[in-house]
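Trainee: I am attaching a structure below and will ask some questions about it afterwards.
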Amino acid sequence: MNKYILIFVMILNSVMFANNFKVISRQGTASVIVNEEYANTDVKKRFPDDYFSISTKEESYIVIDNGEKSIILMPSSKLTYENNKFTLESGYIYIKSKHNDDIQMTITKDDKGYNFKGKSFAVVSYNNEISVITYNNVVKITPENSLGVSYFLEPHHKTSIIPTLNGPYRVTENERALIENVSRQLESEVTSHLNQDIDRYNFKIMEGTKNENTIYRVVHPEKGPNIFLIVPHGSERVGTDVAIERINMPIKKGSLTIVPIAVPEAYRKNTRAIEGQDINNRFFDKEISRTDTDKLAKEYMNMLDEYDIDVVLTLHEGNGFKEFFGDSIIYDTRKLDDKVINVLKNINSRIEPMKFKFRQMYYPMPTTITFYAAKKNIESFGIELTRNLDYDKKRIIMHTILSEFFKIYGLE
């Protein structure tokens with residue numbers, strides 16, 4: 001079948017790709033080859049679903065994205081898509097998951113194919129040899145027609161896969177620096193694209209007091225669910241860090257109201273609460289305002305109305321595995337059973353061993369913000385992790401669970 005070659009040099013925005021891929025960023029000149037029947041197709045708006053081939057020139061690159069993974073095609077590279085498989089004929093690509101999920105991708109050359117599963121990795125094609133380089137995660141490599149035999153490539157390692165599987169070897173300092181730079185570049189391009197038109201601002205409450213606090217808002221121009229994210233307890237630090245990181249993360253629609261620190265004085269003292277009052281036991285009466293804790297709770301209750309909140313998510317750290325309430329999603333109404341089950345199904349399929357898996361906990365607790373929200377027909381959930389994991393694992397798990405909820409509500 002004849003191919004039709006098109007050259008384009010202008011900046012493209014939101015160009016649709018096969019399998020929902022689209023161009024989100026590009027610099028310099030790139031060429032595209034499509035089948036002859038698509039010769040009159042405006043490839044600046046849509047790419048064919050059956051076949052396309054992209055080539056970058058020297059000092060140019062292109063980034064494509066399908067909502068689950070992003071791929072950056074570096075200078076002097078050629079990538080072809082056909083029959084749901086990619087062929088890297090030359091050059092360097094880097095693939096990265098967008099939601100901390102494992103991505104799956106098949107890469108072929110000369111009738112040899114390999115399936116990859118991992119959160120991020122680079123593929124390099126040079127002098128008829130293709131190699132895989134991992135960044136900061138393990139990648140599972142399965143040759144096609146291998147009768148189920150797979151190989152696992154540890155972080156910061158590389159292996160040749162074509163013409164033969166040959167490795168693994170630790171990456172050199174230069175290779176490690178390169179993949180780190182490419183990863184940062186890809187993340188920057190994706191974030192820049194997704195942040196277009198998103199309004200971000202913050203404001204203060206209880207100004208001039210020892211519990212003056214900053215509230216953050218992330219508002220997408222497209223209407224959608226409005227989510228309220230709060231970390232009630234000052235000593236549960238991972239939740240605060242995760243909430244702060246969410247301030248600059250993109251959303252696809254709706255809004256986020258983020259309270260990384262519910263009680264600033266408790267956070268400064270690294271204690272659960274102040275004034276002998278746990279703020280998560282003060283969500284029941286707006287008229288009570290004897291203490292700073294009560295005044296803060298009143299502010300947060302008012303925000304649920306002011307921003308027309310649809311979903312409340314609270315972040316916590318519990319005392320231990322399966323103790324009160326480590327590793328649980330807690331909720332106050334049986335109407336939410338299905339949503340909790342869906343989140344746990346996706347999370348627990350990636351957690352081993354069994355004792356680390358999350359559990360569903362229907363446990364109505366009057367005076368908590370989730371119970372208060374449920375009475376107002378606001379869907380609400382408490383996400384509780386055990387303290388018995390190291391910081392990095394807790395942070396990754398908490399981000400992953402938040403992403404599952406954001407996917408359910410369409411923000412990711």
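Lettering and numbering for the structure tokens are positional, with chains as A, B, ... in the shown order, residues counted from 1 in each chain, and ligands counted from 1 in the shown order.
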Which residues are near Ser53 in chain A? Cut-off 10 Å, only C-alpha atoms, ignore same chain within fewer than 2 positions. Put them as a ChimeraX atom specification.

Mentor: /A:3,5,31-35,51,55,78-82,86-89

Trainee: Which residues, written as a ChimeraX atom specification, have at least one atom at most 10 Å from Phe283 in chain A, with only C-alpha atoms counted and residues fewer than 2 positions away on the same chain left out?

Mentor: /A:279-281,285-286,288,294,296-298,300-301,366-373

Trainee: Can you tell me how far CA of Lys253 in chain A sits from CA of Glu412 in chain A, in Å to one decimal?

Mentor: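 Straight-line distance from CA of Lys253 in chain A to CA of Glu412 in chain A works out to 8.1 Å.
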
Trainee: What lies within 12 Å of Asn115 in chain A using only C-alpha atoms, ignoring chain neighbours under 5 positions off, as a PyMOL selection string?

Mentor: chain A and resi 84-87+103-108+132+139-146+148-152+161

Trainee: Output N, CA and C atoms for every residue in that selection, as a compact mmCIF listing (two decimals), in the first residue's frame.

Mentor:
# COMPACT_ATOMS: atom_id res chain seq x y z
N ASN A 84 -1.83 -1.83 16.55
CA ASN A 84 -1.76 -1.66 18.01
C ASN A 84 -0.37 -1.91 18.59
N LYS A 85 0.66 -1.84 17.74
CA LYS A 85 2.03 -2.03 18.20
C LYS A 85 2.89 -0.89 17.70
N PHE A 86 3.93 -0.57 18.47
CA PHE A 86 4.88 0.46 18.09
C PHE A 86 6.18 -0.18 17.62
N THR A 87 6.78 0.42 16.61
CA THR A 87 8.11 0.03 16.15
C THR A 87 9.01 1.25 16.25
N ILE A 103 1.88 0.72 32.98
CA ILE A 103 1.42 0.82 31.60
C ILE A 103 1.92 -0.40 30.83
N GLN A 104 1.16 -0.79 29.82
CA GLN A 104 1.55 -1.92 28.99
C GLN A 104 1.71 -1.45 27.56
N MET A 105 2.75 -1.92 26.90
CA MET A 105 3.07 -1.45 25.56
C MET A 105 3.85 -2.54 24.84
N THR A 106 3.59 -2.70 23.55
CA THR A 106 4.31 -3.68 22.73
C THR A 106 5.18 -2.96 21.73
N ILE A 107 6.46 -3.33 21.69
CA ILE A 107 7.40 -2.74 20.74
C ILE A 107 7.98 -3.86 19.88
N THR A 108 8.01 -3.64 18.58
CA THR A 108 8.48 -4.66 17.66
C THR A 108 9.58 -4.12 16.76
N VAL A 132 16.49 -1.42 26.41
CA VAL A 132 15.54 -0.84 27.35
C VAL A 132 16.31 -0.36 28.56
N VAL A 139 10.62 -2.88 35.48
CA VAL A 139 9.88 -3.09 34.24
C VAL A 139 9.85 -4.58 33.93
N LYS A 140 8.66 -5.08 33.65
CA LYS A 140 8.48 -6.48 33.27
C LYS A 140 8.57 -6.59 31.75
N ILE A 141 9.43 -7.49 31.26
CA ILE A 141 9.64 -7.67 29.82
C ILE A 141 9.23 -9.09 29.45
N THR A 142 8.28 -9.19 28.52
CA THR A 142 7.81 -10.51 28.09
C THR A 142 7.93 -10.63 26.57
N PRO A 143 8.84 -11.47 26.07
CA PRO A 143 8.92 -11.67 24.62
C PRO A 143 7.62 -12.29 24.10
N GLU A 144 7.16 -11.82 22.94
CA GLU A 144 6.01 -12.47 22.32
C GLU A 144 6.36 -13.92 21.98
N ASN A 145 5.36 -14.79 22.07
CA ASN A 145 5.56 -16.23 21.79
C ASN A 145 6.59 -16.84 22.73
N SER A 146 6.59 -16.37 23.99
CA SER A 146 7.59 -16.87 24.94
C SER A 146 7.01 -17.92 25.88
N GLY A 148 4.86 -17.47 28.11
CA GLY A 148 4.65 -16.89 29.43
C GLY A 148 5.90 -16.57 30.21
N VAL A 149 7.08 -16.80 29.64
CA VAL A 149 8.32 -16.48 30.34
C VAL A 149 8.54 -14.97 30.33
N SER A 150 8.79 -14.39 31.50
CA SER A 150 9.01 -12.95 31.61
C SER A 150 10.30 -12.67 32.34
N TYR A 151 10.80 -11.44 32.15
CA TYR A 151 12.02 -10.99 32.80
C TYR A 151 11.72 -9.66 33.50
N PHE A 152 12.36 -9.44 34.62
CA PHE A 152 12.15 -8.20 35.37
C PHE A 152 13.45 -7.42 35.41
N ILE A 161 17.42 -5.97 23.92
CA ILE A 161 16.36 -6.96 23.65
C ILE A 161 16.39 -7.43 22.20

Trainee: For range 243-251 of chain A, please output as a compact mmCIF listing (two decimals) with all heavy atoms, in the first residue's frame all residues within 10 Å (counting only C-alpha atoms; exclusion window: fewer than 4 positions along the same chain).

Mentor:
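Below is the file selection-v3.txt, written as the result:
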# COMPACT_ATOMS: atom_id res chain seq x y z
N VAL A 190 3.96 17.69 29.85
CA VAL A 190 2.62 17.20 30.16
C VAL A 190 1.90 18.15 31.11
O VAL A 190 0.74 18.51 30.92
CB VAL A 190 2.68 15.78 30.75
CG1 VAL A 190 1.32 15.34 31.27
CG2 VAL A 190 3.18 14.79 29.70
N THR A 191 2.61 18.58 32.17
CA THR A 191 2.00 19.47 33.14
C THR A 191 1.62 20.80 32.50
O THR A 191 0.54 21.34 32.75
CB THR A 191 2.97 19.72 34.31
OG1 THR A 191 3.27 18.47 34.94
CG2 THR A 191 2.35 20.65 35.34
N SER A 192 2.50 21.34 31.66
CA SER A 192 2.22 22.60 30.98
C SER A 192 0.96 22.48 30.13
O SER A 192 0.11 23.37 30.13
CB SER A 192 3.41 23.00 30.12
OG SER A 192 3.13 24.19 29.39
N HIS A 193 0.83 21.36 29.42
CA HIS A 193 -0.34 21.17 28.56
C HIS A 193 -1.62 21.05 29.40
O HIS A 193 -2.64 21.70 29.11
CB HIS A 193 -0.18 19.91 27.72
CG HIS A 193 -1.43 19.51 26.99
ND1 HIS A 193 -1.89 20.17 25.88
CD2 HIS A 193 -2.33 18.51 27.24
CE1 HIS A 193 -3.01 19.60 25.46
NE2 HIS A 193 -3.28 18.59 26.27
N LEU A 194 -1.57 20.23 30.44
CA LEU A 194 -2.76 19.97 31.23
C LEU A 194 -3.16 21.17 32.09
O LEU A 194 -4.32 21.29 32.48
CB LEU A 194 -2.55 18.74 32.11
CG LEU A 194 -2.43 17.41 31.36
CD1 LEU A 194 -2.12 16.29 32.32
CD2 LEU A 194 -3.69 17.10 30.58
N ASN A 195 -2.20 22.04 32.37
CA ASN A 195 -2.51 23.20 33.21
C ASN A 195 -3.09 24.37 32.42
O ASN A 195 -3.46 25.39 33.01
CB ASN A 195 -1.24 23.67 33.93
CG ASN A 195 -0.93 22.81 35.14
OD1 ASN A 195 -1.82 22.17 35.69
ND2 ASN A 195 0.31 22.78 35.56
N GLN A 196 -3.18 24.23 31.11
CA GLN A 196 -3.74 25.30 30.31
C GLN A 196 -5.17 25.59 30.76
O GLN A 196 -5.99 24.69 30.89
CB GLN A 196 -3.73 24.93 28.82
CG GLN A 196 -2.34 24.88 28.22
CD GLN A 196 -2.36 24.42 26.77
OE1 GLN A 196 -3.41 24.16 26.21
NE2 GLN A 196 -1.19 24.32 26.16
N ILE A 198 -6.43 26.21 33.53
CA ILE A 198 -6.82 25.89 34.91
C ILE A 198 -6.51 27.08 35.81
O ILE A 198 -5.42 27.65 35.77
CB ILE A 198 -6.08 24.63 35.41
CG1 ILE A 198 -6.55 23.39 34.64
CG2 ILE A 198 -6.30 24.43 36.90
CD1 ILE A 198 -5.85 22.11 35.04
N ARG A 200 -5.75 28.59 39.36
CA ARG A 200 -5.23 28.21 40.68
C ARG A 200 -5.08 29.47 41.53
O ARG A 200 -4.49 30.45 41.09
CB ARG A 200 -3.86 27.53 40.55
CG ARG A 200 -3.89 26.26 39.70
CD ARG A 200 -2.48 25.68 39.54
NE ARG A 200 -2.47 24.67 38.50
CZ ARG A 200 -2.77 23.39 38.70
NH1 ARG A 200 -3.05 22.98 39.92
NH2 ARG A 200 -2.77 22.53 37.70
N TYR A 201 -5.63 29.41 42.73
CA TYR A 201 -5.49 30.56 43.62
C TYR A 201 -5.58 30.07 45.06
O TYR A 201 -5.92 28.91 45.33
CB TYR A 201 -6.56 31.61 43.34
CG TYR A 201 -7.98 31.20 43.61
CD1 TYR A 201 -8.59 31.45 44.84
CD2 TYR A 201 -8.74 30.56 42.63
CE1 TYR A 201 -9.90 31.09 45.08
CE2 TYR A 201 -10.05 30.18 42.87
CZ TYR A 201 -10.63 30.45 44.10
OH TYR A 201 -11.93 30.08 44.34
N ASN A 202 -5.24 30.92 45.99
CA ASN A 202 -5.36 30.57 47.40
C ASN A 202 -5.87 31.77 48.19
O ASN A 202 -5.84 32.91 47.71
CB ASN A 202 -4.03 30.07 47.97
CG ASN A 202 -2.92 31.09 47.88
OD1 ASN A 202 -2.91 32.09 48.59
ND2 ASN A 202 -1.98 30.85 46.97
N TYR A 216 -6.34 26.29 49.32
CA TYR A 216 -5.96 26.30 47.90
C TYR A 216 -7.12 25.83 47.04
O TYR A 216 -7.82 24.88 47.40
CB TYR A 216 -4.74 25.40 47.68
CG TYR A 216 -3.54 25.82 48.48
CD1 TYR A 216 -3.36 25.38 49.79
CD2 TYR A 216 -2.58 26.68 47.95
CE1 TYR A 216 -2.27 25.77 50.54
CE2 TYR A 216 -1.47 27.07 48.69
CZ TYR A 216 -1.33 26.62 49.98
OH TYR A 216 -0.24 27.02 50.73
N ARG A 217 -7.27 26.51 45.89
CA ARG A 217 -8.33 26.13 44.95
C ARG A 217 -7.73 25.85 43.58
O ARG A 217 -6.87 26.60 43.08
CB ARG A 217 -9.34 27.27 44.82
CG ARG A 217 -10.15 27.52 46.09
CD ARG A 217 -11.43 26.75 46.09
NE ARG A 217 -12.34 27.22 45.05
CZ ARG A 217 -13.27 26.48 44.47
NH1 ARG A 217 -13.41 25.20 44.79
NH2 ARG A 217 -14.06 26.98 43.55
N VAL A 218 -8.17 24.76 42.95
CA VAL A 218 -7.79 24.38 41.59
C VAL A 218 -9.10 24.24 40.81
O VAL A 218 -9.90 23.35 41.12
CB VAL A 218 -6.99 23.07 41.56
CG1 VAL A 218 -6.55 22.74 40.14
CG2 VAL A 218 -5.78 23.15 42.50
N VAL A 219 -9.31 25.10 39.82
CA VAL A 219 -10.62 25.15 39.15
C VAL A 219 -10.43 25.00 37.65
O VAL A 219 -9.75 25.81 37.01
CB VAL A 219 -11.35 26.48 39.45
CG1 VAL A 219 -12.73 26.47 38.81
CG2 VAL A 219 -11.45 26.71 40.95
N HIS A 220 -11.03 23.95 37.10
CA HIS A 220 -10.98 23.72 35.65
C HIS A 220 -12.15 24.45 34.99
O HIS A 220 -13.24 24.55 35.58
CB HIS A 220 -11.08 22.21 35.37
CG HIS A 220 -10.67 21.82 33.99
ND1 HIS A 220 -11.49 21.99 32.89
CD2 HIS A 220 -9.51 21.28 33.52
CE1 HIS A 220 -10.87 21.56 31.81
NE2 HIS A 220 -9.67 21.13 32.16
N GLU A 222 -14.00 23.48 32.61
CA GLU A 222 -15.12 22.57 32.33
C GLU A 222 -15.78 22.14 33.64
O GLU A 222 -15.12 21.69 34.57
CB GLU A 222 -14.62 21.33 31.58
CG GLU A 222 -15.73 20.34 31.24
CD GLU A 222 -15.22 19.11 30.52
OE1 GLU A 222 -14.09 19.15 29.98
OE2 GLU A 222 -15.97 18.10 30.49
N LEU A 229 -10.62 18.27 49.67
CA LEU A 229 -9.55 17.40 50.19
C LEU A 229 -8.97 18.03 51.45
O LEU A 229 -8.49 19.17 51.40
CB LEU A 229 -8.47 17.21 49.13
CG LEU A 229 -7.24 16.38 49.51
CD1 LEU A 229 -7.62 14.94 49.81
CD2 LEU A 229 -6.20 16.44 48.38
N ILE A 230 -8.99 17.30 52.57
CA ILE A 230 -8.55 17.88 53.84
C ILE A 230 -7.75 16.85 54.64
O ILE A 230 -8.02 15.64 54.59
CB ILE A 230 -9.77 18.38 54.66
CG1 ILE A 230 -9.31 19.10 55.94
CG2 ILE A 230 -10.73 17.25 54.98
CD1 ILE A 230 -10.44 19.83 56.67
N VAL A 231 -6.74 17.35 55.36
CA VAL A 231 -5.93 16.53 56.27
C VAL A 231 -6.22 17.02 57.69
O VAL A 231 -5.71 18.07 58.10
CB VAL A 231 -4.43 16.64 55.94
CG1 VAL A 231 -3.63 15.69 56.82
CG2 VAL A 231 -4.17 16.37 54.47
N ARG A 237 1.70 13.52 58.80
CA ARG A 237 2.41 14.41 57.88
C ARG A 237 2.37 13.99 56.42
O ARG A 237 2.44 14.83 55.52
CB ARG A 237 3.88 14.52 58.30
CG ARG A 237 4.13 14.62 59.79
CD ARG A 237 3.62 15.90 60.38
NE ARG A 237 4.62 16.96 60.28
CZ ARG A 237 4.58 18.11 60.97
NH1 ARG A 237 3.57 18.32 61.81
NH2 ARG A 237 5.49 19.02 60.82
N VAL A 238 2.27 12.70 56.16
CA VAL A 238 2.27 12.26 54.76
C VAL A 238 1.07 12.83 54.02
O VAL A 238 1.18 13.28 52.88
CB VAL A 238 2.29 10.73 54.67
CG1 VAL A 238 2.10 10.27 53.23
CG2 VAL A 238 3.61 10.18 55.21
N GLY A 239 -0.08 12.82 54.66
CA GLY A 239 -1.27 13.39 54.04
C GLY A 239 -1.09 14.84 53.66
O GLY A 239 -1.51 15.27 52.57
N SER A 255 -13.41 20.89 40.14
CA SER A 255 -12.54 21.70 40.99
C SER A 255 -12.05 20.90 42.19
O SER A 255 -12.65 19.90 42.58
CB SER A 255 -13.28 22.95 41.49
OG SER A 255 -14.24 22.61 42.48
N LEU A 256 -10.95 21.39 42.75
CA LEU A 256 -10.39 20.86 43.99
C LEU A 256 -10.26 22.02 44.99
O LEU A 256 -9.69 23.06 44.65
CB LEU A 256 -9.01 20.28 43.75
CG LEU A 256 -8.85 18.81 43.37
CD1 LEU A 256 -7.38 18.51 43.11
CD2 LEU A 256 -9.38 17.90 44.45
N THR A 257 -10.77 21.81 46.18
CA THR A 257 -10.49 22.71 47.30
C THR A 257 -9.61 21.93 48.26
O THR A 257 -10.01 20.86 48.74
CB THR A 257 -11.78 23.17 47.98
OG1 THR A 257 -12.62 23.82 47.01
CG2 THR A 257 -11.48 24.14 49.12
N ILE A 258 -8.42 22.44 48.53
CA ILE A 258 -7.42 21.65 49.26
C ILE A 258 -7.06 22.34 50.58
O ILE A 258 -6.68 23.52 50.60
CB ILE A 258 -6.15 21.46 48.40
CG1 ILE A 258 -6.50 20.77 47.07
CG2 ILE A 258 -5.11 20.65 49.16
CD1 ILE A 258 -5.33 20.64 46.12
N VAL A 259 -7.18 21.57 51.66
CA VAL A 259 -6.78 22.03 52.99
C VAL A 259 -5.68 21.09 53.47
O VAL A 259 -5.95 20.08 54.13
CB VAL A 259 -7.97 22.03 53.97
CG1 VAL A 259 -7.55 22.64 55.32
CG2 VAL A 259 -9.17 22.76 53.38
N PRO A 260 -4.42 21.40 53.16
CA PRO A 260 -3.33 20.48 53.53
C PRO A 260 -3.13 20.37 55.03
O PRO A 260 -2.66 19.36 55.53
CB PRO A 260 -2.09 21.09 52.86
CG PRO A 260 -2.62 22.05 51.84
CD PRO A 260 -3.92 22.54 52.38
N ILE A 261 -3.47 21.45 55.76
CA ILE A 261 -3.29 21.49 57.22
C ILE A 261 -4.58 22.04 57.81
O ILE A 261 -4.90 23.22 57.64
CB ILE A 261 -2.10 22.38 57.61
CG1 ILE A 261 -0.81 21.86 56.98
CG2 ILE A 261 -1.98 22.47 59.13
CD1 ILE A 261 0.37 22.81 57.11
N THR A 314 -10.78 12.71 53.07
CA THR A 314 -9.91 13.04 54.19
C THR A 314 -8.74 12.06 54.22
O THR A 314 -8.91 10.87 53.92
CB THR A 314 -10.67 13.00 55.53
OG1 THR A 314 -11.10 11.65 55.79
CG2 THR A 314 -11.89 13.90 55.49
N LEU A 315 -7.56 12.56 54.56
CA LEU A 315 -6.34 11.75 54.56
C LEU A 315 -5.85 11.54 56.00
O LEU A 315 -5.73 12.52 56.76
CB LEU A 315 -5.25 12.42 53.72
CG LEU A 315 -5.62 12.75 52.27
CD1 LEU A 315 -4.43 13.37 51.54
CD2 LEU A 315 -6.10 11.50 51.54
N MET A 398 -0.85 6.71 48.93
CA MET A 398 -1.88 7.73 49.11
C MET A 398 -2.19 8.44 47.80
O MET A 398 -3.36 8.69 47.47
CB MET A 398 -1.44 8.72 50.20
CG MET A 398 -2.59 9.54 50.76
SD MET A 398 -2.13 10.42 52.27
CE MET A 398 -2.35 9.14 53.51
N HIS A 399 -1.15 8.78 47.04
CA HIS A 399 -1.38 9.38 45.72
C HIS A 399 -2.17 8.43 44.82
O HIS A 399 -3.07 8.86 44.07
CB HIS A 399 -0.05 9.73 45.05
CG HIS A 399 0.42 11.13 45.31
ND1 HIS A 399 -0.36 12.24 45.04
CD2 HIS A 399 1.59 11.60 45.81
CE1 HIS A 399 0.32 13.33 45.36
NE2 HIS A 399 1.50 12.97 45.84
N LEU A 402 -5.84 8.36 45.85
CA LEU A 402 -6.48 9.60 45.41
C LEU A 402 -6.76 9.57 43.91
O LEU A 402 -7.83 9.98 43.46
CB LEU A 402 -5.59 10.81 45.75
CG LEU A 402 -5.65 11.32 47.19
CD1 LEU A 402 -4.72 12.51 47.35
CD2 LEU A 402 -7.07 11.73 47.56
N PHE A 406 -10.18 10.15 41.94
CA PHE A 406 -10.29 11.20 40.93
C PHE A 406 -10.73 10.62 39.59
O PHE A 406 -11.48 11.25 38.84
CB PHE A 406 -8.96 11.93 40.78
CG PHE A 406 -8.63 12.83 41.94
CD1 PHE A 406 -7.44 13.53 41.97
CD2 PHE A 406 -9.50 12.98 43.00
CE1 PHE A 406 -7.13 14.36 43.03
CE2 PHE A 406 -9.20 13.81 44.06
CZ PHE A 406 -8.01 14.50 44.09
N LYS A 407 -10.29 9.39 39.27
CA LYS A 407 -10.73 8.76 38.03
C LYS A 407 -12.22 8.45 38.08
O LYS A 407 -12.94 8.65 37.08
CB LYS A 407 -9.94 7.46 37.80
CG LYS A 407 -8.52 7.68 37.30
CD LYS A 407 -7.90 6.31 37.01
CE LYS A 407 -6.50 6.24 37.49
NZ LYS A 407 -5.87 4.93 37.29
N GLY A 410 -13.97 11.58 37.43
CA GLY A 410 -13.67 12.22 36.17
C GLY A 410 -12.67 13.34 36.21
O GLY A 410 -12.48 14.04 35.21
N LEU A 411 -11.98 13.54 37.35
CA LEU A 411 -10.97 14.61 37.42
C LEU A 411 -9.64 14.16 36.85
O LEU A 411 -8.78 14.99 36.54
CB LEU A 411 -10.78 15.10 38.86
CG LEU A 411 -11.75 16.23 39.27
CD1 LEU A 411 -13.17 15.69 39.42
CD2 LEU A 411 -11.30 16.88 40.58
N GLU A 412 -9.43 12.86 36.73
CA GLU A 412 -8.24 12.33 36.08
C GLU A 412 -8.67 11.36 34.99
O GLU A 412 -9.76 10.80 35.05
CB GLU A 412 -7.31 11.62 37.07
CG GLU A 412 -6.56 12.55 37.99
CD GLU A 412 -5.47 11.83 38.79
OE1 GLU A 412 -5.30 10.61 38.60
OE2 GLU A 412 -4.82 12.49 39.60

Trainee: For Asp337 in chain A, which residue among A:Arg359, A:Arg176, A:His316, A:Lys69 is the nearest when counting only C-alpha atoms?

Mentor: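 Closest residue, counting only C-alpha atoms: A:Arg359.
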
Trainee: Skip Thr209 in chain A itself and residues of its chain fewer than 4 positions away, then list as a VMD selection string all residues within 12 Å of it, counting only C-alpha atoms.

Mentor: chain A and resid 204 to 205 213 263 to 265 291 to 292 295 to 296

Trainee: Out of A:Ser25, A:Ser131, A:Ser235, A:Gln360, which residue has the shortest atom-to-atom distance to Lys158 in chain A when counting only C-alpha atoms?

Mentor: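 Of A:Ser25, A:Ser131, A:Ser235, A:Gln360, the one nearest Lys158 in chain A is A:Ser131, counting only C-alpha atoms.
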
Trainee: Show which residues sit within 12 Å of Asp308 in chain A, as a list in words. Count only C-alpha atoms, and ignore same-chain residues fewer than 2 positions away.

Mentor: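 My reading of the contact set: Lys223, Gly224, Pro225, Asn226, Ile227, Phe228, Gly254, Ser255, Leu256, Thr257, Met301, Asn302, Met303, Leu304, Asp305, Glu306, Asp310, Val311, Val312, Ala373, Lys376, Asn377 and Ile378 of chain A.
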
Trainee: Find, counting only C-alpha atoms, the residue in A:Glu317, A:Glu189, A:Glu175, A:Asp102 that gets nearest to Thr240 in chain A.

Mentor: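 Checking each of A:Glu317, A:Glu189, A:Glu175, A:Asp102 against Thr240 in chain A, counting only C-alpha atoms, the winner is A:Glu317.
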
Trainee: Measure the distance from CA of Tyr267 in chain A to CA of Met206 in chain A in Å and round it to one decimal.

Mentor: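 Here the two named atoms are 15.8 Å from each other.
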
Trainee: How would you write, as a ChimeraX atom specification, the set of residues in range 1-184 of chain A that DSSP gives as strand (DSSP E)?

Mentor: /A:3-8,15-16,22-27,30-35,51-56,61-65,69-73,78-82,85-97,103-109,112-118,120-126,129-134,139-143,151-153,157-162,166-170

Trainee: Separation of CA of Thr400 in chain A and CA of Leu313 in chain A, in Å?

Mentor: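 Pair CA of Thr400 in chain A / CA of Leu313 in chain A returns 13.5 Å.
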
Trainee: So, counting only C-alpha atoms, which residue among A:Val182, A:Pro221, A:Thr159, A:Ser60 is closest to Asp199 in chain A?

Mentor: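 Among the listed residues, the smallest separation from Asp199 in chain A belongs to A:Pro221.
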
Trainee: What residues in range 112-296 of chain A get the DSSP label helix (DSSP H, G or I)? Please answer as a PyMOL selection string.

Mentor: chain A and resi 173-194+237-246+264-268+279-281+292-296
